[in-house]
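Undergrad: My structure is stored as protein04.txt, with compact mmCIF, C-alpha atoms.
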```
# COMPACT_ATOMS: atom_id res chain seq x y z
CA MET A 178 67.82 -46.84 -4.84
CA LEU A 179 68.55 -43.22 -5.58
CA CYS A 180 65.33 -42.87 -7.57
CA LEU A 181 63.37 -44.45 -4.71
CA LEU A 182 64.98 -42.13 -2.16
CA GLY A 183 64.32 -39.13 -4.41
CA TYR A 184 60.67 -40.10 -4.76
CA MET A 185 60.33 -40.57 -0.98
CA ALA A 186 61.99 -37.23 -0.37
CA LEU A 187 59.67 -35.38 -2.74
CA THR A 188 56.60 -37.13 -1.31
CA LEU A 189 57.50 -36.48 2.32
CA GLN A 190 58.57 -32.92 1.52
CA SER A 191 55.24 -32.14 -0.16
CA GLU A 192 53.35 -33.71 2.76
CA SER A 193 55.45 -31.87 5.31
CA ALA A 194 55.14 -28.51 3.60
CA PHE A 195 52.14 -27.68 5.73
CA PHE A 196 51.14 -27.67 9.36
CA TYR A 197 48.00 -27.01 11.34
CA GLY A 198 46.83 -24.14 13.47
CA PHE A 199 43.64 -22.58 14.75
CA ALA A 200 42.15 -19.18 14.02
CA GLU A 201 41.57 -16.94 16.98
CA ASN A 202 40.73 -13.39 17.79
CA LYS A 203 43.20 -11.17 19.51
CA GLN A 204 42.07 -11.04 23.11
CA THR A 205 41.56 -7.55 24.59
CA GLU A 206 41.66 -7.58 28.36
CA ILE A 207 39.62 -4.85 30.02
CA SER A 208 40.86 -3.57 33.39
CA HIS A 209 40.93 -0.34 35.38
CA ASN A 210 43.90 1.59 36.73
CA ARG A 211 42.16 2.06 40.11
CA SER A 212 40.62 -0.29 42.63
CA VAL A 213 36.90 -0.30 41.93
CA LEU A 214 33.63 -1.81 43.13
CA VAL A 215 31.60 -3.54 40.41
CA SER A 216 28.09 -2.11 40.68
CA LYS A 217 26.34 -3.61 37.64
CA ILE A 218 27.30 -5.91 34.77
CA HIS A 219 25.40 -5.14 31.55
CA VAL A 220 26.70 -7.99 29.34
CA LYS A 221 26.99 -11.79 29.29
CA ASN A 222 29.57 -14.24 28.01
CA GLY A 223 29.47 -14.46 24.22
CA GLN A 224 27.21 -11.41 23.83
CA GLU A 225 27.62 -9.31 20.71
CA ILE A 226 28.47 -5.69 21.45
CA LYS A 227 28.78 -2.43 19.53
CA LYS A 228 31.39 0.25 20.04
CA GLY A 229 30.28 2.57 22.86
CA ASP A 230 27.95 0.06 24.56
CA ILE A 231 28.23 0.15 28.34
CA LEU A 232 29.78 -3.05 29.68
CA LEU A 233 30.19 -2.45 33.41
CA GLU A 234 29.26 0.16 35.98
CA VAL A 235 31.93 0.52 38.63
CA PHE A 236 32.59 2.87 41.52
CA ASP A 237 35.74 4.04 43.22
CA GLU A 238 35.13 4.30 46.96
CA GLU A 239 37.93 6.86 47.35
CA ILE A 240 36.34 9.13 44.76
CA ASP A 241 32.90 8.73 46.33
CA LEU A 242 34.34 9.55 49.75
CA ARG A 243 36.13 12.62 48.38
CA ILE A 244 32.94 13.84 46.68
CA GLU A 245 31.04 13.43 49.95
CA GLU A 246 33.74 15.34 51.86
CA LEU A 247 33.68 18.18 49.33
CA GLU A 248 29.90 18.43 49.45
CA ILE A 249 30.02 18.64 53.26
CA GLU A 250 32.77 21.25 53.07
CA LYS A 251 30.75 23.29 50.59
CA SER A 252 27.66 23.11 52.81
CA THR A 253 29.76 24.28 55.77
CA VAL A 254 31.18 27.19 53.76
CA VAL A 255 27.70 28.20 52.60
CA VAL A 256 26.21 27.92 56.10
CA ASN A 257 29.07 29.87 57.69
CA SER A 258 28.89 32.54 55.01
CA GLN A 259 25.12 32.84 55.33
CA SER A 260 25.39 32.94 59.12
CA LYS A 261 27.84 35.84 58.96
CA ILE A 262 25.72 37.62 56.37
CA ILE A 263 22.64 37.27 58.56
CA GLU A 264 24.63 38.48 61.57
CA ILE A 265 25.81 41.60 59.73
CA ARG A 266 22.36 42.30 58.34
CA ASN A 267 20.92 42.04 61.83
CA LYS A 268 23.58 44.44 63.07
CA ILE A 269 22.72 46.90 60.28
CA SER A 270 19.07 46.61 61.23
CA GLN A 271 19.88 47.22 64.90
CA ILE A 272 21.97 50.29 64.03
CA GLN A 273 19.21 51.66 61.83
CA THR A 274 16.55 51.01 64.47
CA SER A 275 18.59 52.61 67.25
CA ARG A 276 19.71 55.62 65.22
CA ASN A 277 16.32 56.16 63.64
CA ALA A 278 14.72 56.21 67.09
CA ASN A 279 17.19 58.89 68.22
CA ILE A 280 16.70 60.80 64.97
CA ALA A 281 12.92 60.63 65.34
CA GLU A 282 13.23 61.89 68.92
CA LEU A 283 15.47 64.77 67.83
CA LYS A 284 13.12 65.65 65.01
CA SER A 285 10.24 65.71 67.49
CA ASP A 286 12.18 67.98 69.86
CA ILE A 287 13.11 70.28 66.96
CA LEU A 288 9.49 70.44 65.82
CA GLU A 289 8.23 71.34 69.31
CA LEU A 290 10.95 73.94 69.78
CA GLU A 291 10.18 75.46 66.38
CA LYS A 292 6.51 75.70 67.40
CA GLU A 293 7.49 77.39 70.68
CA ILE A 294 9.77 79.87 68.91
CA ALA A 295 7.02 80.61 66.36
CA LEU A 296 4.52 81.24 69.17
CA ASN A 297 6.88 83.62 70.96
CA LYS A 298 7.54 85.44 67.72
CA SER A 299 3.86 85.94 67.10
CA LEU A 300 3.48 87.54 70.54
CA TYR A 301 5.95 90.34 69.95
CA GLU A 302 5.34 90.92 66.28
CA GLY A 303 3.16 93.97 66.94
CA LEU A 304 5.69 95.59 69.29
CA LYS A 305 8.15 97.51 67.14
CA THR A 306 10.65 98.25 69.91
CA ILE A 307 10.88 94.60 71.01
CA GLN A 308 10.90 93.39 67.41
CA LYS A 309 13.75 95.74 66.55
CA ASN A 310 15.77 94.63 69.60
CA HIS A 311 14.90 91.00 68.92
CA GLU A 312 16.55 91.01 65.50
CA ASN A 313 20.01 90.98 67.12
CA TYR A 314 19.00 88.79 70.02
CA ARG A 315 19.61 85.02 70.12
CA SER A 316 17.19 83.52 72.55
CA PRO A 317 17.99 80.27 74.41
CA GLU A 318 15.36 78.56 72.29
CA ASN A 319 17.16 79.54 69.10
CA VAL A 320 20.47 78.34 70.50
CA LYS A 321 18.90 75.04 71.52
CA LEU A 322 17.25 74.69 68.10
CA ALA A 323 20.57 75.19 66.32
CA TYR A 324 22.14 72.62 68.63
CA LEU A 325 19.39 70.10 67.97
CA LYS A 326 19.63 70.55 64.21
CA GLU A 327 23.38 70.07 64.31
CA SER A 328 22.93 66.96 66.46
CA LEU A 329 20.35 65.64 63.99
CA LEU A 330 22.74 66.20 61.08
CA ASN A 331 25.59 64.46 62.94
CA MET A 332 23.34 61.57 63.87
CA GLU A 333 22.15 61.08 60.29
CA GLN A 334 25.74 61.18 59.07
CA THR A 335 26.78 58.71 61.78
CA LEU A 336 23.95 56.39 60.80
CA GLU A 337 24.94 56.51 57.14
CA ARG A 338 28.63 55.92 57.96
CA GLU A 339 27.96 52.94 60.28
CA VAL A 340 25.58 51.33 57.77
CA ASN A 341 28.08 51.78 54.93
CA GLU A 342 30.86 50.25 57.04
CA GLN A 343 28.74 47.19 57.75
CA LYS A 344 27.78 46.87 54.07
CA GLN A 345 31.45 47.03 53.05
CA TYR A 346 32.26 44.37 55.63
CA LEU A 347 29.40 42.29 54.22
CA THR A 348 30.92 42.55 50.73
CA ARG A 349 34.36 41.56 52.05
CA ILE A 350 33.15 38.44 53.84
CA ARG A 351 31.03 37.38 50.86
CA LYS A 352 33.97 37.34 48.45
CA PRO A 353 36.15 34.73 50.27
CA GLY A 354 33.09 32.53 50.72
CA GLN A 355 32.23 32.80 47.04
CA LEU A 356 35.83 32.06 46.02
CA LYS A 357 35.99 29.06 48.34
CA SER A 358 32.64 27.82 47.06
CA LYS A 359 33.81 28.14 43.42
CA SER A 360 37.01 26.26 44.24
CA ILE A 361 35.03 23.43 45.83
CA ASP A 362 32.63 23.36 42.86
CA ALA A 363 35.55 22.99 40.44
CA GLU A 364 37.02 20.13 42.46
CA LEU A 365 33.62 18.49 42.73
CA GLU A 366 33.16 18.69 38.96
CA HIS A 367 36.59 17.11 38.46
CA PHE A 368 35.82 14.13 40.70
CA LYS A 369 32.32 13.69 39.28
CA MET A 370 33.80 13.56 35.77
CA ARG A 371 36.26 10.94 36.97
CA GLU A 372 33.37 9.02 38.50
CA GLU A 373 31.50 9.10 35.19
CA HIS A 374 34.59 7.80 33.37
CA LEU A 375 34.77 4.84 35.74
CA SER A 376 32.07 3.02 33.79
CA ILE A 377 33.47 0.65 31.15
CA TYR A 378 32.37 1.05 27.52
CA ALA A 379 33.07 -1.18 24.52
CA PRO A 380 36.12 0.11 22.56
CA PHE A 381 35.08 -1.70 19.35
CA ASP A 382 32.43 -3.95 17.80
CA GLY A 383 32.90 -7.53 18.87
CA LEU A 384 32.03 -10.27 21.31
CA VAL A 385 32.29 -10.59 25.07
CA GLY A 386 34.66 -13.32 26.20
CA THR A 387 35.23 -14.28 29.82
CA ILE A 388 33.73 -12.05 32.51
CA SER A 389 36.14 -12.20 35.46
CA CYS A 390 34.12 -10.25 38.02
CA LYS A 391 30.78 -10.30 39.83
CA GLU A 392 28.41 -7.56 40.91
CA GLY A 393 29.31 -6.21 44.34
CA GLU A 394 32.90 -7.44 44.07
CA ASN A 395 35.89 -5.21 44.83
CA ILE A 396 38.48 -5.49 42.06
CA SER A 397 42.06 -4.33 42.59
CA SER A 398 43.74 -2.01 40.09
CA TYR A 399 44.82 -3.52 36.75
CA SER A 400 43.03 -6.82 37.48
CA SER A 401 41.06 -8.28 34.60
CA LEU A 402 37.36 -7.38 34.53
CA LEU A 403 36.44 -9.08 31.24
CA ASP A 404 37.83 -10.06 27.82
CA LEU A 405 36.64 -8.85 24.43
CA TYR A 406 37.11 -10.33 20.96
CA LYS A 407 36.46 -9.01 17.49
CA HIS A 408 33.87 -10.78 15.32
CA ASN A 409 36.36 -12.35 12.91
CA PRO A 410 39.67 -13.97 13.85
CA THR A 411 42.69 -11.79 13.21
CA GLN A 412 45.42 -14.28 14.11
CA VAL A 413 46.32 -17.91 13.61
CA LYS A 414 48.37 -19.85 16.12
CA GLY A 415 50.08 -22.98 14.88
CA PHE A 416 53.00 -25.29 15.64
CA VAL A 417 55.55 -26.06 12.95
CA HIS A 418 57.32 -29.41 13.33
CA GLU A 419 60.82 -29.18 14.74
CA SER A 420 62.26 -30.59 11.54
CA MET A 421 60.85 -27.59 9.64
CA ILE A 422 61.61 -24.72 11.98
CA LEU A 423 64.22 -23.26 9.63
CA GLU A 424 61.67 -23.05 6.82
CA VAL A 425 59.53 -20.46 8.64
CA ALA A 426 60.75 -16.99 9.50
CA VAL A 427 59.15 -13.74 10.64
CA GLY A 428 57.78 -11.91 7.61
CA ASP A 429 57.06 -15.05 5.55
CA GLU A 430 53.68 -15.23 3.86
CA LEU A 431 51.66 -18.43 4.32
CA GLU A 432 48.47 -19.65 2.73
CA VAL A 433 45.81 -20.18 5.40
CA ALA A 434 42.91 -22.48 4.45
CA SER A 435 39.98 -23.96 6.36
CA THR A 436 40.24 -27.71 6.93
CA LEU A 437 36.45 -28.05 6.61
CA HIS A 438 36.03 -25.72 3.64
CA PRO A 439 39.29 -25.68 1.63
CA ASP A 440 37.92 -23.04 -0.72
CA ILE A 441 38.03 -20.51 2.15
CA LYS A 442 41.59 -19.16 1.96
CA VAL A 443 43.54 -16.06 2.90
CA VAL A 444 47.21 -15.11 2.87
CA GLY A 445 48.73 -14.45 6.28
CA GLN A 446 52.08 -13.16 7.47
CA VAL A 447 54.25 -14.61 10.22
CA ILE A 448 54.53 -12.04 13.02
CA GLY A 449 55.95 -14.17 15.81
CA LEU A 450 57.92 -17.32 16.55
CA GLY A 451 58.21 -19.18 19.83
CA SER A 452 61.55 -19.25 21.59
CA ARG A 453 61.51 -22.96 22.48
CA ILE A 454 60.44 -26.38 21.27
CA VAL A 455 57.19 -27.56 22.85
CA GLU A 456 54.84 -30.51 22.49
CA ILE A 457 52.35 -29.94 19.66
CA PRO A 458 48.73 -30.14 20.89
CA GLU A 459 46.93 -33.32 19.86
CA ARG A 460 44.41 -31.43 17.75
CA LEU A 461 47.18 -29.90 15.65
CA ARG A 462 49.25 -33.04 15.07
CA LYS A 463 49.35 -34.68 11.66
CA MET A 464 49.06 -38.03 13.44
CA ALA A 465 47.09 -37.48 16.64
CA ASP A 466 48.30 -40.68 18.36
CA PHE A 467 51.98 -39.80 18.13
CA LYS A 468 53.53 -37.09 20.25
CA THR A 469 55.40 -34.59 18.15
CA TYR A 470 57.26 -31.44 19.00
CA GLY A 471 57.63 -28.12 17.29
CA ARG A 472 57.84 -24.36 17.51
CA GLU A 473 54.91 -22.04 18.05
CA VAL A 474 54.12 -19.72 15.12
CA VAL A 475 51.80 -16.70 15.15
CA ILE A 476 50.36 -15.55 11.82
CA GLU A 477 48.42 -12.35 11.26
CA ILE A 478 45.51 -12.62 8.83
CA PRO A 479 43.16 -9.98 7.36
CA ALA A 480 40.11 -9.23 9.54
CA ASP A 481 37.87 -9.64 6.50
CA ASN A 482 37.72 -13.45 6.53
CA ARG A 483 35.18 -16.23 6.99
CA PHE A 484 36.97 -18.29 9.61
CA LEU A 485 35.28 -19.16 12.88
CA GLN A 486 36.76 -18.59 16.29
CA LYS A 487 39.09 -21.50 17.17
CA GLU A 488 38.55 -23.09 13.73
CA LYS A 489 41.26 -25.54 12.69
CA VAL A 490 43.14 -24.31 9.61
CA LEU A 491 45.89 -25.59 7.36
CA LEU A 492 49.02 -23.50 6.90
CA ASN A 493 50.90 -24.10 3.67
CA ILE A 494 54.56 -23.07 3.65
CA SER A 495 55.45 -24.51 0.23
CA ASN A 496 55.44 -21.04 -1.31
CA ALA A 497 56.58 -19.20 1.80
CA SER A 498 60.22 -20.08 1.52
CA SER A 499 62.49 -20.95 -1.35
CA LYS A 500 64.69 -23.09 0.89
CA LYS A 501 65.05 -26.73 -0.08
CA ARG A 502 65.81 -29.45 2.39
CA SER A 503 68.62 -31.82 1.51
CA PHE A 504 68.45 -35.56 1.79
CA GLY A 505 70.43 -35.18 4.98
CA GLY A 506 67.69 -32.94 6.36
CA LEU A 507 65.12 -35.51 5.37
CA PHE A 508 66.90 -38.33 7.17
CA SER A 509 67.42 -36.07 10.19
CA SER A 510 63.68 -35.45 10.37
CA MET A 511 63.13 -39.23 10.20
CA GLY A 512 65.59 -39.82 12.99
CA GLY A 513 68.13 -41.63 10.75
CA GLU A 514 71.80 -41.04 10.18
CA THR A 515 72.87 -38.66 7.45
CA ARG A 516 75.20 -40.25 4.93
CA ASP A 517 76.84 -39.08 1.75
CA PHE A 518 76.33 -41.74 -0.97
CA ALA A 519 78.62 -39.97 -3.41
CA LYS A 520 81.79 -40.59 -1.40
CA PRO A 521 82.77 -43.50 0.80
CA LYS A 522 82.83 -42.80 4.48
CA ALA A 523 86.34 -41.85 5.62
CA LYS A 524 88.10 -44.34 7.83
CA THR A 525 89.09 -43.29 11.28
CA ASP A 526 91.93 -44.47 13.33
```
Before anything else, please render the file you have as structure tokens.
TA:
Amino acid sequence: MLCLLGYMALTLQSESAFFYGFAENKQTEISHNRSVLVSKIHVKNGQEIKKGDILLEVFDEEIDLRIEELEIEKSTVVVNSQSKIIEIRNKISQIQTSRNANIAELKSDILELEKEIALNKSLYEGLKTIQKNHENYRSPENVKLAYLKESLLNMEQTLEREVNEQKQYLTRIRKPGQLKSKSIDAELEHFKMREEHLSIYAPFDGLVGTISCKEGENISSYSSLLDLYKHNPTQVKGFVHESMILEVAVGDELEVASTLHPDIKVVGQVIGLGSRIVEIPERLRKMADFKTYGREVVIEIPADNRFLQKEKVLLNISNASSKKRSFGGLFSSMGGETRDFAKPKAKTD
């Protein structure tokens, strides 16, 4: 009897030292931290992609609106600045026209008066007495000529001063406009860079999973746009039977082999364990027709493998743990009562 039980225990233990799982890629969900409008989708479900490939073109209506507002503001600043510049230039032109007309008139009066004085001088040049007396005599014409020349000098100085004042004012009003325009340009560049970064690019080589959006659709912030997967599976998800949950711990190494091609094997490491007992999916049961329950196990495997996405694999824990189940554990897993055959069962009152 003991030999038979020992043989059954070893047989069932060797058969139970494995469980099934399926290889899968770690899913990378792509989303955006702002509400966006999907403009164009460049990929399809299952499409192979390379790092840096554009996946989606999206727009942020708030950014577009702000860019439009800034461009209008810049146009207004430029128009206002140009309008003031034109106004000042026109004023300078008016001053120059008005003053130059007065200057030209004064110059004409001075020229005529100088001719008249020269004529009078030529008339008394031969008369010594008059010429001698005339040396100390300031005629009204000479007085008027001096006055006109002084007026001409004052007018030219006034013209130069007024033109310089307007030019200085022109420089002063240009500077704030230029500063404002530069400030708007910097802000515009900032928002345009943000707009460029709105487009979604592939972060790694892989495959496109589920596309959760459509062209022309508004997507709220942090909502899924699409899923990406790497070419080769990097994880295995399995369910260890509830009778074996103590034989698997985080950090254990398991042998992972393909059920279709047993020669394809890798060594994986347990990185996660479920926190509750759940029903094992039919595909991963040892006997598909019987409902069994167990604990979810997540195993990390090297990316350099030949497994297919969602391929069923066998997980061998025989070498993962040095723990040995007792006969009592065996009977517990079979639903029977644990008994000690070495000692008779104690009587109870």
Undergrad: Can you tell me, as a list in words, what residues are no more than 9 Å from Phe416 of chain A when counting all atoms listed in the file, ignoring any on the same chain fewer than 2 positions away?
TA: Phe196, Tyr197, Gly198, Lys414, His418, Glu419, Val455, Glu456, Ile457, Pro458, Leu461, Arg462, Tyr470, Gly471, Arg472, Glu473, Val474 and Val475 of chain A
Undergrad: Select, from A:Asn409, A:Phe199, A:Ala434, A:Pro439, the residue with the minimum atom-to-atom distance to Asn482 of chain A, counting all atoms listed in the file.
TA: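 Of A:Asn409, A:Phe199, A:Ala434, A:Pro439, the one nearest Asn482 of chain A, counting all atoms listed in the file, is A:Asn409.
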Undergrad: Show me the residues around (37.1, -13.5, 16.1) - criterion: an atom at most 8 Å away, all atoms listed in the file counted - as a ChimeraX atom specification.
TA: /A:200-203,383-384,406-411,485-486
Undergrad: Quick one: residues within 12 Å of Leu214 of chain A, all atoms listed in the file counted, chain neighbours fewer than 4 positions away excluded, as a PyMOL selection string?
TA: chain A and resi 209+218+233-241+372+375-376+390-398+402
Undergrad: Quick one: everything within 12 Å of Ser328 of chain A, counting only C-alpha atoms, minus sequence neighbours fewer than 6 positions away in the same chain. Send it as JSON, numbers by chain.
TA: {"A": [276, 279, 280, 281, 282, 283, 284, 286, 287, 321, 322, 334, 335]}
Undergrad: Could you tell me how far atom CA of Asp382 of chain A sits from atom CA of Ile226 of chain A, in Å to one decimal place?
TA: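 The value is 5.7 Å.
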Undergrad: What does the structure give for the distance between atom CA of Asp404 of chain A and atom CA of Val427 of chain A, in Å to one decimal?
TA: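 Atom-to-atom, atom CA of Asp404 of chain A and atom CA of Val427 of chain A are spaced 27.6 Å apart.
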